[in-house]
$ cat query-v4.cif   # mmCIF, C-alpha atoms and all ligand atoms
data_work
loop_
_atom_site.label_atom_id
_atom_site.label_comp_id
_atom_site.auth_asym_id
_atom_site.auth_seq_id
_atom_site.Cartn_x
_atom_site.Cartn_y
_atom_site.Cartn_z
CA MET A 93 2.94 54.99 6.47
CA ASP A 94 3.53 55.33 10.19
CA THR A 95 6.86 56.12 11.72
CA VAL A 96 7.71 53.68 14.50
CA LEU A 97 10.60 54.25 16.85
CA SER A 98 12.08 52.08 19.55
CA GLY A 99 15.15 52.57 21.71
CA ILE A 100 16.92 50.13 23.95
CA ARG A 101 19.55 50.88 26.56
CA PRO A 102 22.61 48.68 26.04
CA THR A 103 22.63 47.19 29.51
CA GLY A 104 22.13 43.48 28.93
CA ASP A 105 21.69 40.62 26.51
CA LEU A 106 18.38 39.83 24.89
CA HIS A 107 16.36 36.87 26.13
CA LEU A 108 13.53 34.73 24.81
CA GLY A 109 11.06 37.23 26.25
CA ASN A 110 12.45 39.96 23.99
CA TYR A 111 12.70 37.58 21.05
CA PHE A 112 9.16 36.19 21.10
CA GLY A 113 7.78 39.50 22.41
CA ALA A 114 8.79 42.85 20.98
CA LEU A 115 11.36 41.65 18.45
CA ARG A 116 8.88 39.41 16.63
CA ASN A 117 6.64 42.43 16.21
CA PHE A 118 9.49 44.68 15.09
CA VAL A 119 10.44 42.18 12.41
CA LYS A 120 6.87 42.32 11.06
CA MET A 121 6.48 46.07 11.50
CA GLN A 122 9.60 46.94 9.53
CA ASN A 123 7.83 45.75 6.38
CA GLU A 124 4.93 48.19 6.63
CA ASN A 125 6.30 51.15 8.55
CA ASN A 126 9.08 53.64 8.56
CA CYS A 127 10.95 52.07 11.47
CA TYR A 128 13.77 53.43 13.59
CA PHE A 129 15.47 51.01 15.96
CA PHE A 130 18.27 52.54 17.94
CA VAL A 131 20.60 51.81 20.81
CA ALA A 132 20.27 54.46 23.52
CA ASP A 133 23.88 54.64 24.63
CA TYR A 134 23.68 58.27 25.81
CA HIS A 135 20.95 57.19 28.20
CA SER A 136 23.29 54.60 29.67
CA LEU A 137 25.66 57.37 30.77
CA THR A 138 23.08 58.47 33.34
CA THR A 139 23.89 55.35 35.35
CA HIS A 140 27.01 53.84 33.70
CA PRO A 141 29.57 56.61 33.16
CA HIS A 142 32.18 54.52 31.28
CA PRO A 143 31.61 54.26 27.53
CA SER A 144 34.14 51.42 27.17
CA ASP A 145 31.68 48.98 28.73
CA ILE A 146 28.84 50.58 26.83
CA GLN A 147 30.50 50.10 23.45
CA VAL A 148 30.85 46.35 23.87
CA ASN A 149 27.20 46.27 24.87
CA VAL A 150 26.18 48.35 21.87
CA LYS A 151 27.89 45.81 19.62
CA LYS A 152 26.12 42.99 21.42
CA ILE A 153 22.69 44.56 21.03
CA LEU A 154 23.28 45.35 17.37
CA SER A 155 24.34 41.79 16.58
CA GLN A 156 21.44 40.37 18.57
CA TYR A 157 18.99 42.67 16.80
CA LEU A 158 20.33 41.78 13.37
CA ALA A 159 20.45 38.05 14.12
CA SER A 160 16.81 38.23 15.22
CA GLY A 161 15.72 39.58 11.87
CA LEU A 162 15.86 43.36 12.04
CA ASP A 163 16.85 44.38 8.56
CA PRO A 164 19.04 47.43 7.91
CA GLU A 165 17.62 47.63 4.38
CA LYS A 166 14.08 47.99 5.72
CA ALA A 167 14.55 49.85 9.01
CA THR A 168 16.93 52.53 10.17
CA ILE A 169 19.11 50.85 12.76
CA TYR A 170 21.40 53.29 14.51
CA VAL A 171 23.30 54.22 17.62
CA GLN A 172 22.10 57.31 19.47
CA SER A 173 25.58 58.75 20.01
CA ASP A 174 26.19 58.67 16.24
CA VAL A 175 23.57 61.40 15.89
CA PRO A 176 25.06 64.60 17.38
CA GLN A 177 21.86 66.54 16.60
CA VAL A 178 20.26 64.71 19.53
CA ALA A 179 22.46 66.73 21.88
CA GLU A 180 21.41 70.04 20.39
CA LEU A 181 17.72 69.25 20.49
CA TYR A 182 18.12 67.99 24.06
CA MET A 183 19.72 71.28 25.11
CA LEU A 184 16.95 73.29 23.49
CA MET A 185 14.15 71.14 24.91
CA ASN A 186 15.66 71.37 28.40
CA MET A 187 14.81 75.09 28.38
CA ASN A 188 11.13 74.19 28.53
CA ALA A 189 11.27 71.25 30.91
CA TYR A 190 10.51 72.19 34.49
CA ILE A 191 12.46 70.93 37.48
CA GLY A 192 9.28 70.09 39.38
CA GLU A 193 7.88 67.74 36.76
CA LEU A 194 11.26 66.10 36.24
CA GLU A 195 11.68 65.48 39.95
CA ARG A 196 8.28 63.81 40.02
CA THR A 197 9.25 61.26 37.36
CA THR A 198 8.94 57.76 38.81
CA THR A 199 12.11 56.41 37.20
CA PHE A 200 14.10 59.40 38.45
CA LYS A 201 12.90 58.95 42.00
CA GLU A 202 13.66 55.26 41.87
CA LYS A 203 17.17 55.64 40.49
CA ALA A 204 17.97 58.48 42.86
CA ARG A 205 16.97 56.25 45.74
CA GLN A 206 18.95 53.28 44.46
CA ASN A 207 22.05 55.32 43.79
CA PRO A 208 22.10 58.39 46.08
CA ASP A 209 25.76 59.18 45.26
CA ASN A 210 25.08 59.74 41.58
CA VAL A 211 21.95 61.85 41.26
CA ASN A 212 23.22 63.71 38.20
CA ALA A 213 21.46 66.26 35.99
CA GLY A 214 21.36 63.75 33.13
CA LEU A 215 19.35 61.41 35.28
CA LEU A 216 16.94 64.21 36.12
CA THR A 217 16.46 65.05 32.44
CA TYR A 218 16.36 61.43 31.24
CA ALA A 219 12.80 61.91 30.00
CA VAL A 220 13.78 65.00 28.01
CA LEU A 221 16.49 63.07 26.18
CA MET A 222 14.04 60.29 25.46
CA ALA A 223 11.49 62.81 24.20
CA CYS A 224 14.15 64.16 21.84
CA ASP A 225 14.83 60.70 20.40
CA ILE A 226 11.14 60.41 19.64
CA LEU A 227 10.35 63.95 18.49
CA MET A 228 13.50 64.11 16.37
CA MET A 229 12.13 61.42 14.07
CA HIS A 230 8.48 62.58 14.36
CA ALA A 231 7.48 59.11 15.52
CA ASP A 232 3.78 58.18 15.43
CA LYS A 233 4.13 55.02 17.44
CA VAL A 234 6.53 54.13 20.19
CA PRO A 235 6.40 50.56 21.49
CA VAL A 236 6.99 50.75 25.23
CA GLY A 237 6.50 48.64 28.30
CA LYS A 238 4.65 49.81 31.39
CA ASP A 239 7.82 51.23 32.96
CA GLN A 240 8.26 53.70 30.07
CA GLU A 241 4.69 54.94 29.75
CA GLN A 242 5.26 57.97 31.95
CA HIS A 243 8.21 59.00 29.77
CA LEU A 244 5.95 58.84 26.76
CA GLU A 245 3.30 60.97 28.44
CA MET A 246 6.03 63.50 29.21
CA THR A 247 7.11 63.40 25.57
CA CYS A 248 3.58 64.39 24.58
CA LYS A 249 3.57 67.14 27.18
CA PHE A 250 6.90 68.53 25.92
CA ALA A 251 5.64 68.39 22.34
CA ARG A 252 2.44 70.27 23.23
CA ARG A 253 4.32 72.82 25.29
CA PHE A 254 6.80 73.51 22.50
CA ASN A 255 3.97 73.98 20.01
CA GLN A 256 2.13 76.26 22.41
CA ILE A 257 5.11 78.43 23.38
CA TYR A 258 6.06 79.06 19.76
CA GLY A 259 2.54 79.10 18.34
CA VAL A 260 3.15 76.28 15.89
CA GLU A 261 1.85 72.83 15.19
CA TYR A 262 5.23 71.30 14.68
CA PHE A 263 5.77 68.30 16.93
CA LYS A 264 3.16 65.57 16.83
CA GLU A 265 2.26 63.61 19.92
CA PRO A 266 3.44 60.03 19.66
CA LYS A 267 1.23 57.14 20.73
CA ALA A 268 2.39 54.49 23.16
CA PHE A 269 2.07 51.24 21.35
CA ASN A 270 1.76 47.97 23.21
CA PHE A 271 1.11 45.48 20.38
CA GLY A 272 -2.22 44.46 21.96
CA ASN A 273 -2.89 40.77 21.46
CA ASN A 274 0.20 40.42 19.31
CA LEU A 275 2.46 40.72 22.31
CA ILE A 276 3.25 37.30 23.65
CA LYS A 277 4.19 37.48 27.29
CA VAL A 278 6.94 34.98 27.84
CA PRO A 279 7.12 33.64 31.39
CA GLY A 280 10.38 33.13 33.27
CA LEU A 281 11.63 29.84 34.68
CA ASP A 282 11.39 30.62 38.38
CA GLY A 283 7.69 31.26 38.73
CA SER A 284 8.25 34.98 39.38
CA GLY A 285 6.31 36.07 36.27
CA LYS A 286 7.71 37.55 33.09
CA MET A 287 11.04 36.47 31.70
CA GLY A 288 13.69 39.05 32.57
CA LYS A 289 11.96 40.30 35.70
CA SER A 290 14.41 38.68 38.06
CA GLN A 291 17.97 37.48 37.78
CA GLY A 292 18.37 33.93 36.58
CA ASN A 293 14.87 33.31 35.31
CA GLY A 294 15.74 33.91 31.67
CA ILE A 295 17.11 32.09 28.67
CA TYR A 296 19.30 34.35 26.59
CA LEU A 297 19.76 34.26 22.84
CA ILE A 298 23.49 33.79 23.40
CA ASP A 299 23.10 30.84 25.78
CA GLU A 300 24.91 27.66 24.77
CA ASP A 301 22.94 24.41 24.49
CA LYS A 302 24.24 23.11 27.79
CA ASP A 303 23.25 26.33 29.60
CA ILE A 304 19.75 26.05 28.19
CA ARG A 305 19.46 22.43 29.33
CA LYS A 306 20.72 23.32 32.79
CA LYS A 307 18.34 26.26 33.17
CA VAL A 308 15.28 24.38 31.96
CA MET A 309 16.01 21.35 34.15
CA LYS A 310 16.20 23.69 37.15
CA ALA A 311 12.87 25.40 36.37
CA VAL A 312 10.47 25.52 39.29
CA THR A 313 7.67 22.91 39.29
CA ASP A 314 5.38 21.38 41.89
CA SER A 315 4.80 17.81 43.08
CA GLY A 316 2.44 17.03 40.21
CA PRO A 317 -1.32 16.71 39.71
CA THR A 318 -3.26 14.24 41.82
CA VAL A 319 -6.74 14.90 40.42
CA GLU A 320 -7.46 14.33 36.74
CA ASN A 321 -8.09 17.38 34.55
CA SER A 322 -7.18 19.81 37.31
CA PRO A 323 -6.19 23.33 36.36
CA LYS A 324 -2.46 23.96 36.06
CA PRO A 325 -0.77 26.04 38.75
CA GLU A 326 1.17 29.03 37.41
CA VAL A 327 4.65 27.47 37.46
CA ILE A 328 3.40 24.54 35.39
CA GLN A 329 1.36 26.68 33.02
CA ASN A 330 4.55 28.69 32.45
CA LEU A 331 6.34 25.62 31.13
CA PHE A 332 3.42 24.85 28.84
CA THR A 333 3.38 28.44 27.61
CA LEU A 334 7.05 28.17 26.71
CA MET A 335 6.36 24.86 25.03
CA GLU A 336 3.64 26.41 22.91
CA LEU A 337 6.23 28.85 21.57
CA VAL A 338 8.88 26.34 20.59
CA SER A 339 7.37 22.85 20.32
CA THR A 340 5.00 21.29 17.80
CA PRO A 341 1.27 21.22 18.66
CA ASP A 342 1.51 17.41 18.89
CA THR A 343 4.19 17.64 21.54
CA VAL A 344 2.18 20.13 23.57
CA GLN A 345 -0.90 17.93 23.26
CA HIS A 346 1.07 14.88 24.34
CA PHE A 347 2.24 16.47 27.59
CA ASP A 348 -1.11 18.07 28.17
CA ASN A 349 -2.74 14.62 28.02
CA LEU A 350 -0.16 13.23 30.44
CA TYR A 351 -0.88 16.11 32.78
CA ASN A 352 -4.63 15.63 32.60
CA THR A 353 -4.30 11.93 33.37
CA CYS A 354 -1.85 12.56 36.21
CA GLN A 355 0.88 10.58 34.47
CA ILE A 356 3.17 13.47 33.72
CA ARG A 357 6.83 13.36 34.67
CA TYR A 358 8.16 16.88 34.72
CA GLY A 359 11.68 15.63 34.01
CA ASP A 360 10.52 14.33 30.62
CA LEU A 361 8.64 17.52 29.85
CA LYS A 362 11.67 19.62 30.70
CA LYS A 363 13.98 17.49 28.55
CA GLN A 364 11.68 17.93 25.58
CA LEU A 365 11.24 21.63 26.27
CA ALA A 366 15.00 22.16 26.51
CA GLU A 367 15.61 20.45 23.16
CA ASP A 368 12.89 22.47 21.46
CA ILE A 369 14.19 25.74 22.90
CA ILE A 370 17.64 24.80 21.64
CA LYS A 371 16.19 24.22 18.19
CA ALA A 372 14.81 27.77 18.22
CA VAL A 373 17.77 29.49 19.85
CA ALA A 374 20.84 27.74 18.43
CA PRO A 375 20.57 29.13 14.89
CA VAL A 376 20.00 32.65 16.26
CA ARG A 377 22.96 32.26 18.60
CA GLU A 378 25.23 31.16 15.78
CA ARG A 379 24.13 34.12 13.67
CA ILE A 380 24.83 36.43 16.62
CA LYS A 381 28.37 35.09 16.89
CA ASP A 382 29.00 35.47 13.17
CA ILE A 383 27.70 39.01 13.13
CA TYR A 384 29.46 39.99 16.37
CA ASN A 385 32.78 38.84 14.94
CA ASN A 386 32.22 40.60 11.65
CA GLU A 387 33.38 44.05 12.73
CA GLU A 388 33.34 45.30 9.16
CA TYR A 389 29.68 44.39 8.65
CA LEU A 390 28.62 45.86 12.00
CA ASN A 391 30.42 49.10 11.25
CA ARG A 392 28.79 49.26 7.85
CA VAL A 393 25.30 48.74 9.31
CA ALA A 394 25.90 51.36 12.00
CA ALA A 395 27.29 53.84 9.48
CA GLN A 396 24.37 53.36 7.11
CA GLY A 397 21.86 53.79 9.96
CA ALA A 398 23.68 56.81 11.31
CA GLU A 399 23.60 58.48 7.92
CA LYS A 400 19.85 58.03 7.54
CA ALA A 401 19.16 59.05 11.13
CA ARG A 402 21.36 62.14 10.86
CA GLU A 403 19.60 63.25 7.71
CA GLN A 404 16.22 63.36 9.48
CA ALA A 405 17.81 64.76 12.65
CA ALA A 406 19.51 67.61 10.81
CA LYS A 407 16.19 68.56 9.22
CA THR A 408 14.35 68.56 12.55
CA VAL A 409 16.99 70.59 14.35
CA ALA A 410 17.14 73.15 11.54
CA GLU A 411 13.35 73.54 11.70
CA VAL A 412 13.34 73.78 15.49
CA ARG A 413 16.08 76.45 15.43
CA HIS A 414 14.08 78.38 12.90
CA ILE A 415 10.87 78.11 14.94
CA ILE A 416 12.60 79.23 18.14
CA GLY A 417 13.97 82.19 16.28
CA PHE A 418 17.62 81.54 15.48
CA LYS A 419 17.94 82.95 12.01
N1 LIG A 501 14.16 54.63 28.21
C1 LIG A 501 14.06 53.46 27.38
C2 LIG A 501 14.29 52.23 28.27
O1 LIG A 501 14.90 52.31 29.28
C3 LIG A 501 15.06 53.47 26.27
C4 LIG A 501 14.80 54.60 25.34
C5 LIG A 501 15.56 55.71 25.17
C6 LIG A 501 13.69 54.73 24.45
N2 LIG A 501 15.03 56.54 24.23
C7 LIG A 501 13.87 55.96 23.77
C8 LIG A 501 12.58 53.93 24.17
C9 LIG A 501 12.95 56.40 22.82
C10 LIG A 501 11.67 54.36 23.22
C11 LIG A 501 11.86 55.60 22.56
O2 LIG A 501 13.90 51.15 27.92
#
$ encode --input "query-v4.cif" --output "structure tokens" --more "lines below"
Ligand code: TRP
Amino acid sequence: MDTVLSGIRPTGDLHLGNYFGALRNFVKMQNENNCYFFVADYHSLTTHPHPSDIQVNVKKILSQYLASGLDPEKATIYVQSDVPQVAELYMLMNMNAYIGELERTTTFKEKARQNPDNVNAGLLTYAVLMACDILMMHADKVPVGKDQEQHLEMTCKFARRFNQIYGVEYFKEPKAFNFGNNLIKVPGLDGSGKMGKSQGNGIYLIDEDKDIRKKVMKAVTDSGPTVENSPKPEVIQNLFTLMELVSTPDTVQHFDNLYNTCQIRYGDLKKQLAEDIIKAVAPVRERIKDIYNNEEYLNRVAAQGAEKAREQAAKTVAEVRHIIGFK
């Protein structure tokens, strides 16, 4: 059984792109793997120094995860800051991370440029902390997007270096896992590509029905086909791609025929699309609200996850201390 680990920084709400993309896969994976899903709140401190905001966001992510089908009885769902062993491993791993390689990290350079007044040491060692999350649980597979691939390569490098310095084969090198064909890429509503890429192109799991209608009706289209059976331009294909996720095949076929015969009215398509998105999102949204307001349940889930995560973490840190030579 493989160990799968995924972390998410609590910086925003989840959208349809997350839901039909990674989350769908997580929900399946938790049945066949030893899964860890955690909220990386320590990582947020590198850019957002006030935990009060972070804590609300942690609660939001947890309720959105649970409402989407992540199951605390199948997977270990935890909050990074509930596992103090992470800090110790991070300190130890920092001894073998070199300033030069950290300064060359793309995300570090980008964030330092965006926020020149807060180029802190935590930001510099972001990749070390992330490596510790992964190595702590001896993860085999780490689902990551393109923007995190370099961090994963660095994790492998830190693992190899540790093994080499201490003459052991202790840490295994995790594999970046991108779901292959199982990852549905959900387009945004403004024609700019993936959902979530730019502000305002996304539909969030917490959106109310009227917000969804408003957003879909405002989606970018063109002036319509004038030649029968012409290929669909990207903005139009995007709407059809969304429709394929939420509507029945008959509905998709119906609008496809109208498109191919140049009779389509985008207003009608959008109305249908909005209603079908609502059908998919509304039950999730209501579950999110119930879970979010059930403080007792959320605390219980977090405590249960923390206990399981700490058990593995304590074992790893004890072994690492022993390997380094603290007796
Ligand atoms: N850096 C990741 C991101 O920004 C979040 C993260 C932290 C993570 N630790 C991790 C992801 C460990 C995977 C594994 O999205």
$ residues_around --input "query-v4.cif" --residues "segment 155-162 of chain A" --least-positions-apart "4" --cutoff "9 Å" --atoms "all atoms listed in the file" --output "compact mmCIF listing (two decimals) with C-alpha atoms, keeping the file's coordinate frame"
# COMPACT_ATOMS: atom_id res chain seq x y z
CA ASP A 105 21.69 40.62 26.51
CA LEU A 106 18.38 39.83 24.89
CA TYR A 111 12.70 37.58 21.05
CA LEU A 115 11.36 41.65 18.45
CA ARG A 116 8.88 39.41 16.63
CA PHE A 118 9.49 44.68 15.09
CA VAL A 119 10.44 42.18 12.41
CA GLN A 122 9.60 46.94 9.53
CA PHE A 129 15.47 51.01 15.96
CA VAL A 150 26.18 48.35 21.87
CA LYS A 151 27.89 45.81 19.62
CA LYS A 166 14.08 47.99 5.72
CA ALA A 167 14.55 49.85 9.01
CA ILE A 169 19.11 50.85 12.76
CA LEU A 297 19.76 34.26 22.84
CA ILE A 298 23.49 33.79 23.40
CA PRO A 375 20.57 29.13 14.89
CA VAL A 376 20.00 32.65 16.26
CA ARG A 377 22.96 32.26 18.60
CA GLU A 378 25.23 31.16 15.78
CA ARG A 379 24.13 34.12 13.67
CA ILE A 380 24.83 36.43 16.62
CA LYS A 381 28.37 35.09 16.89
CA ASP A 382 29.00 35.47 13.17
CA ILE A 383 27.70 39.01 13.13
CA TYR A 384 29.46 39.99 16.37
CA LEU A 390 28.62 45.86 12.00
$ residues_near_ligand --input "query-v4.cif" --ligand "ligand LIG 501 (chain A)" --cutoff "7 Å" --atoms "all atoms listed in the file" --output "ChimeraX atom specification"
/A:97-101,132,135,221-223,225-226,234-236,240
$ residues_around --input "query-v4.cif" --residues "segment 299-313 of chain A" --least-positions-apart "3" --cutoff "8 Å" --atoms "only C-alpha atoms" --output "list in words"
Leu281, Asp282, Gly283, Ile295, Tyr296, Gly316, Val327, Ile328, Tyr358, Gly359, Lys362, Lys363, Leu365, Ala366, Glu367, Ile369, Ile370, Ala374 and Arg377 of chain A
$ closest_atom_pairs --input "query-v4.cif" --of "segment 197-267 of chain A" --to "segment 139-144 of chain A" --cutoff "10 Å" --atoms "only C-alpha atoms" --output "Markdown table"
| residue | atom | partner | partner_atom | distance |
| --- | --- | --- | --- | --- |
| A:Lys203 | CA | A:Thr139 | CA | 8.5 |
| A:Asn207 | CA | A:Thr139 | CA | 8.6 |
| A:Asn210 | CA | A:Thr139 | CA | 7.7 |
| A:Val211 | CA | A:Thr139 | CA | 9.0 |
| A:Asn212 | CA | A:Thr139 | CA | 8.9 |
| A:Gly214 | CA | A:Thr139 | CA | 9.0 |
| A:Leu215 | CA | A:Thr139 | CA | 7.6 |
$ closest_residue --input "query-v4.cif" --among "A:Thr343, A:Asn270, A:Gln172, A:Asn188" --to "Gly113 of chain A" --atoms "all atoms listed in the file"
A:Asn270
$ closest_residue --input "query-v4.cif" --among "A:Asp348, A:Asp163, A:Glu387, A:Asp133" --to "Glu320 of chain A" --atoms "only C-alpha atoms"
A:Asp348
$ atom_distance --input "query-v4.cif" --atom1 "atom CA of Tyr170 of chain A" --atom2 "atom CA of Asn125 of chain A"
16.4 Å
$ closest_residue --input "query-v4.cif" --among "A:Asn126, A:Asn186, A:Thr198, A:Gln345" --to "Lys233 of chain A" --atoms "only C-alpha atoms"
A:Asn126
$ residues_around --input "query-v4.cif" --residues "Ser322 of chain A" --least-positions-apart "6" --cutoff "10 Å" --atoms "only C-alpha atoms" --output "NGL selection string"
:A and (351-354)
$ atom_distance --input "query-v4.cif" --atom1 "atom CA of Pro317 of chain A" --atom2 "atom CA of Gly292 of chain A"
26.3 Å
$ atom_distance --input "query-v4.cif" --atom1 "atom CA of Ser173 of chain A" --atom2 "atom CA of Tyr134 of chain A"
6.1 Å
$ residues_near_point --input "query-v4.cif" --point "(21.7, 57.1, 4.5)" --cutoff "12 Å" --atoms "only C-alpha atoms" --output "list of chain:residue names"
A:Pro164, A:Glu165, A:Lys166, A:Ala167, A:Thr168, A:Ile169, A:Tyr170, A:Arg392, A:Val393, A:Ala394, A:Ala395, A:Gln396, A:Gly397, A:Ala398, A:Glu399, A:Lys400, A:Ala401, A:Arg402, A:Glu403, A:Gln404, A:Ala405
$ residues_around --input "query-v4.cif" --residues "Leu194 of chain A" --least-positions-apart "6" --cutoff "8 Å" --atoms "all atoms listed in the file" --output "number ranges by chain"
A: 200, 216-217, 219
$ closest_residue --input "query-v4.cif" --among "A:Tyr258, A:Leu244, A:Ile356, A:Tyr128" --to "Arg413 of chain A" --atoms "all atoms listed in the file"
A:Tyr258
